[in-house]
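Enquirer: One structure coming up, written as structure tokens, with questions to follow.
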Amino acid sequence: MYFAALLARTEDGWEASDTELDDVETLSDLADLAREASPDDDTVLVLIEQEDAWFGVVRIDGEDDPRIYISDAAAAARSSYGEILLTAELLGKEPGDDGPDLDSLDLDGTEDGEPDDDDDDGTAAEAVPHSPVGDTEILDDLGVSEKELRALGADDALNSIAEALGASEVLETVR
């Protein structure tokens, strides 16, 4: 089960709204959705969790590039919402480094593109770590340190973050 909410910082405090991510296909779509929640270019946090598996925070400050933190990249990679957040840059890959190019493939006649068992070097498993990825200082200036963020478990992370921001009541209204 997923939960996603937008927290927009205003001069009156935090405002929360739940959001449907069904129409969001890219990180740009998500950033646009967040910017719509704050017409004054204030900070907007997109909080996403998959129950007991992972959580993510996307921070949009005006027109700046989104900043992302994901608690468990491997768990998020198995999720449609996580795939939106796990950009090549976040995973430390060069753009366009999605895999081998056709010239470097050993086309040895195996049927239907079946992999040759001798060629499995484990690089796919290494591509997405079973650990946090992203900007660990994403919430430092809002009262959640890197150490506190890394210590959060997926089961109650969003409530803990909202509490530190002073936004737990507004988050509860959209839960």
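Please note that chains go A, B, ... in the order of the structure tokens, that every chain numbers its residues from 1, and that ligands are numbered from 1 in the order shown.
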Please provide as a VMD selection string all residues within 8 Å of A:Arg35, with the sequence filter that same-chain residues fewer than 4 positions apart are discarded (counting only C-alpha atoms).

Expert: chain A and resid 31 39 41 44 60 62

Enquirer: I need the residues of chain A that end up classed as helix (DSSP H, G or I) by DSSP on the backbone, written out as a ChimeraX atom specification.

Expert: /A:27-36,73-77,80-85,102-104,111-113,117-119,123-127,140-142,146-151,157-165,168-174

Enquirer: What separation in Å, quoted to one decimal, exists between atom CA of A:Ser71 and atom CA of A:Lys147?

Expert: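 Separating atom CA of A:Ser71 from atom CA of A:Lys147 is a distance of 12.3 Å.
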
Enquirer: Do you know which residues are at most 8 Å from stretch 77-87 of chain A counting only C-alpha atoms, after dropping those on the same chain fewer than 3 positions away, and could you put them as a ChimeraX atom specification?

Expert: /A:21,25-27,68,73-74,90-91,128

Enquirer: Would you mind exporting C-alpha atoms of the selected residues as a compact mmCIF listing (two decimals), in the first residue's frame?

Expert:
# COMPACT_ATOMS: atom_id res chain seq x y z
CA LEU A 21 0.56 9.72 -8.59
CA GLU A 25 5.34 9.17 -15.24
CA THR A 26 8.58 11.11 -14.75
CA LEU A 27 10.41 13.11 -12.13
CA ILE A 68 15.62 13.37 -3.67
CA ALA A 73 16.89 2.03 -3.36
CA ALA A 74 16.49 -1.69 -4.06
CA LEU A 90 20.77 9.44 -8.19
CA LEU A 91 22.20 5.96 -8.75
CA VAL A 128 20.59 -0.58 -7.19

Enquirer: Just give me the gap between atom CA of A:Asp23 and atom CA of A:Leu47 in Å, one decimal is fine.

Expert: 16.5 Å

Enquirer: Calculated over only C-alpha atoms, which of the candidates A:Val24, A:Ala4, A:Leu45, A:Ile70 has the smallest distance to A:Thr136?

Expert: A:Ile70

Enquirer: Quick one: residues within 10 Å of A:Ala157, only C-alpha atoms, excluding same-chain residues fewer than 4 positions away - as a list in words?

Expert: Leu47, Ile48, Glu49, Asp52, Trp54, Phe55, Gly56, Ser71, Leu149, Arg150, Ala151, Leu152, Gly153, Ile161, Ala162 and Glu163 of chain A

Enquirer: What is the distance between atom CA of A:Leu165 and atom CA of A:Arg59, in Å to one decimal?

Expert: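 Taking atom CA of A:Leu165 and atom CA of A:Arg59, their separation equals 13.5 Å.
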
Enquirer: Looking at A:Val170, A:Ala164, A:Leu7, A:Ala88, which one is nearest to A:Asp42, with distances taken over only C-alpha atoms?

Expert: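 Using only C-alpha atoms, the shortest distance to A:Asp42 belongs to A:Leu7.
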
Enquirer: Calculated over only C-alpha atoms, which of the candidates A:Ala154, A:Asp22, A:Leu33, A:Glu172 has the smallest distance to A:Ala76?

Expert: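 Residue with the minimum atom-to-atom distance to A:Ala76: A:Ala154.
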
Enquirer: Smallest atom-to-atom distance to A:Asn159: which of A:Arg175, A:Glu15, A:Ser145, A:Tyr69, using only C-alpha atoms?

Expert: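 So, comparing all the options, the nearest one is A:Arg175.
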
Enquirer: Using DSSP on the backbone coordinates, identify the residues of chain A assigned to strand (DSSP E); present them as a PyMOL selection string.

Expert: chain A and resi 2-10+13-18+43-50+54-61+67-70+133-134

Enquirer: Those same residues - C-alpha atoms - I'd like them written as a PDB file, in the first residue's frame.

Expert:
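Contents of out_12.pdb, freshly written:
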ATOM      1  CA  TYR A   2       1.287   3.435  -0.964  1.00  0.00           C
ATOM      2  CA  PHE A   3       0.759   6.830   0.568  1.00  0.00           C
ATOM      3  CA  ALA A   4       1.797  10.086  -1.064  1.00  0.00           C
ATOM      4  CA  ALA A   5       1.298  13.634   0.159  1.00  0.00           C
ATOM      5  CA  LEU A   6       2.483  17.115  -0.688  1.00  0.00           C
ATOM      6  CA  LEU A   7       3.593  19.443   2.096  1.00  0.00           C
ATOM      7  CA  ALA A   8       3.871  23.035   0.928  1.00  0.00           C
ATOM      8  CA  ARG A   9       5.508  25.612   3.182  1.00  0.00           C
ATOM      9  CA  THR A  10       3.620  28.891   3.269  1.00  0.00           C
ATOM     10  CA  GLY A  13       2.967  27.219   8.072  1.00  0.00           C
ATOM     11  CA  TRP A  14       2.705  23.898   6.265  1.00  0.00           C
ATOM     12  CA  GLU A  15      -0.245  22.940   4.099  1.00  0.00           C
ATOM     13  CA  ALA A  16      -0.811  19.310   3.194  1.00  0.00           C
ATOM     14  CA  SER A  17      -2.636  17.687   0.346  1.00  0.00           C
ATOM     15  CA  ASP A  18      -2.828  14.078  -0.629  1.00  0.00           C
ATOM     16  CA  THR A  43       9.412  24.795  -0.561  1.00  0.00           C
ATOM     17  CA  VAL A  44       7.271  21.775  -1.363  1.00  0.00           C
ATOM     18  CA  LEU A  45       8.002  18.290  -0.065  1.00  0.00           C
ATOM     19  CA  VAL A  46       6.616  15.220  -1.767  1.00  0.00           C
ATOM     20  CA  LEU A  47       6.452  12.424   0.788  1.00  0.00           C
ATOM     21  CA  ILE A  48       5.986   8.877  -0.513  1.00  0.00           C
ATOM     22  CA  GLU A  49       5.960   5.611   1.377  1.00  0.00           C
ATOM     23  CA  GLN A  50       5.337   2.005   0.578  1.00  0.00           C
ATOM     24  CA  TRP A  54      10.734   2.221   1.735  1.00  0.00           C
ATOM     25  CA  PHE A  55      10.042   5.927   1.857  1.00  0.00           C
ATOM     26  CA  GLY A  56      11.117   8.834  -0.267  1.00  0.00           C
ATOM     27  CA  VAL A  57      11.301  12.597   0.058  1.00  0.00           C
ATOM     28  CA  VAL A  58      11.420  14.892  -2.945  1.00  0.00           C
ATOM     29  CA  ARG A  59      12.092  18.555  -2.246  1.00  0.00           C
ATOM     30  CA  ILE A  60      11.223  21.251  -4.734  1.00  0.00           C
ATOM     31  CA  ASP A  61      12.407  24.809  -4.021  1.00  0.00           C
ATOM     32  CA  ARG A  67      16.354  17.015  -4.500  1.00  0.00           C
ATOM     33  CA  ILE A  68      15.624  13.368  -3.665  1.00  0.00           C
ATOM     34  CA  TYR A  69      16.206  10.984  -0.776  1.00  0.00           C
ATOM     35  CA  ILE A  70      15.131   7.323  -0.833  1.00  0.00           C
ATOM     36  CA  VAL A 133      20.438   6.965  -1.892  1.00  0.00           C
ATOM     37  CA  GLY A 134      20.169  10.631  -2.647  1.00  0.00           C
TER      38      GLY A 134
END
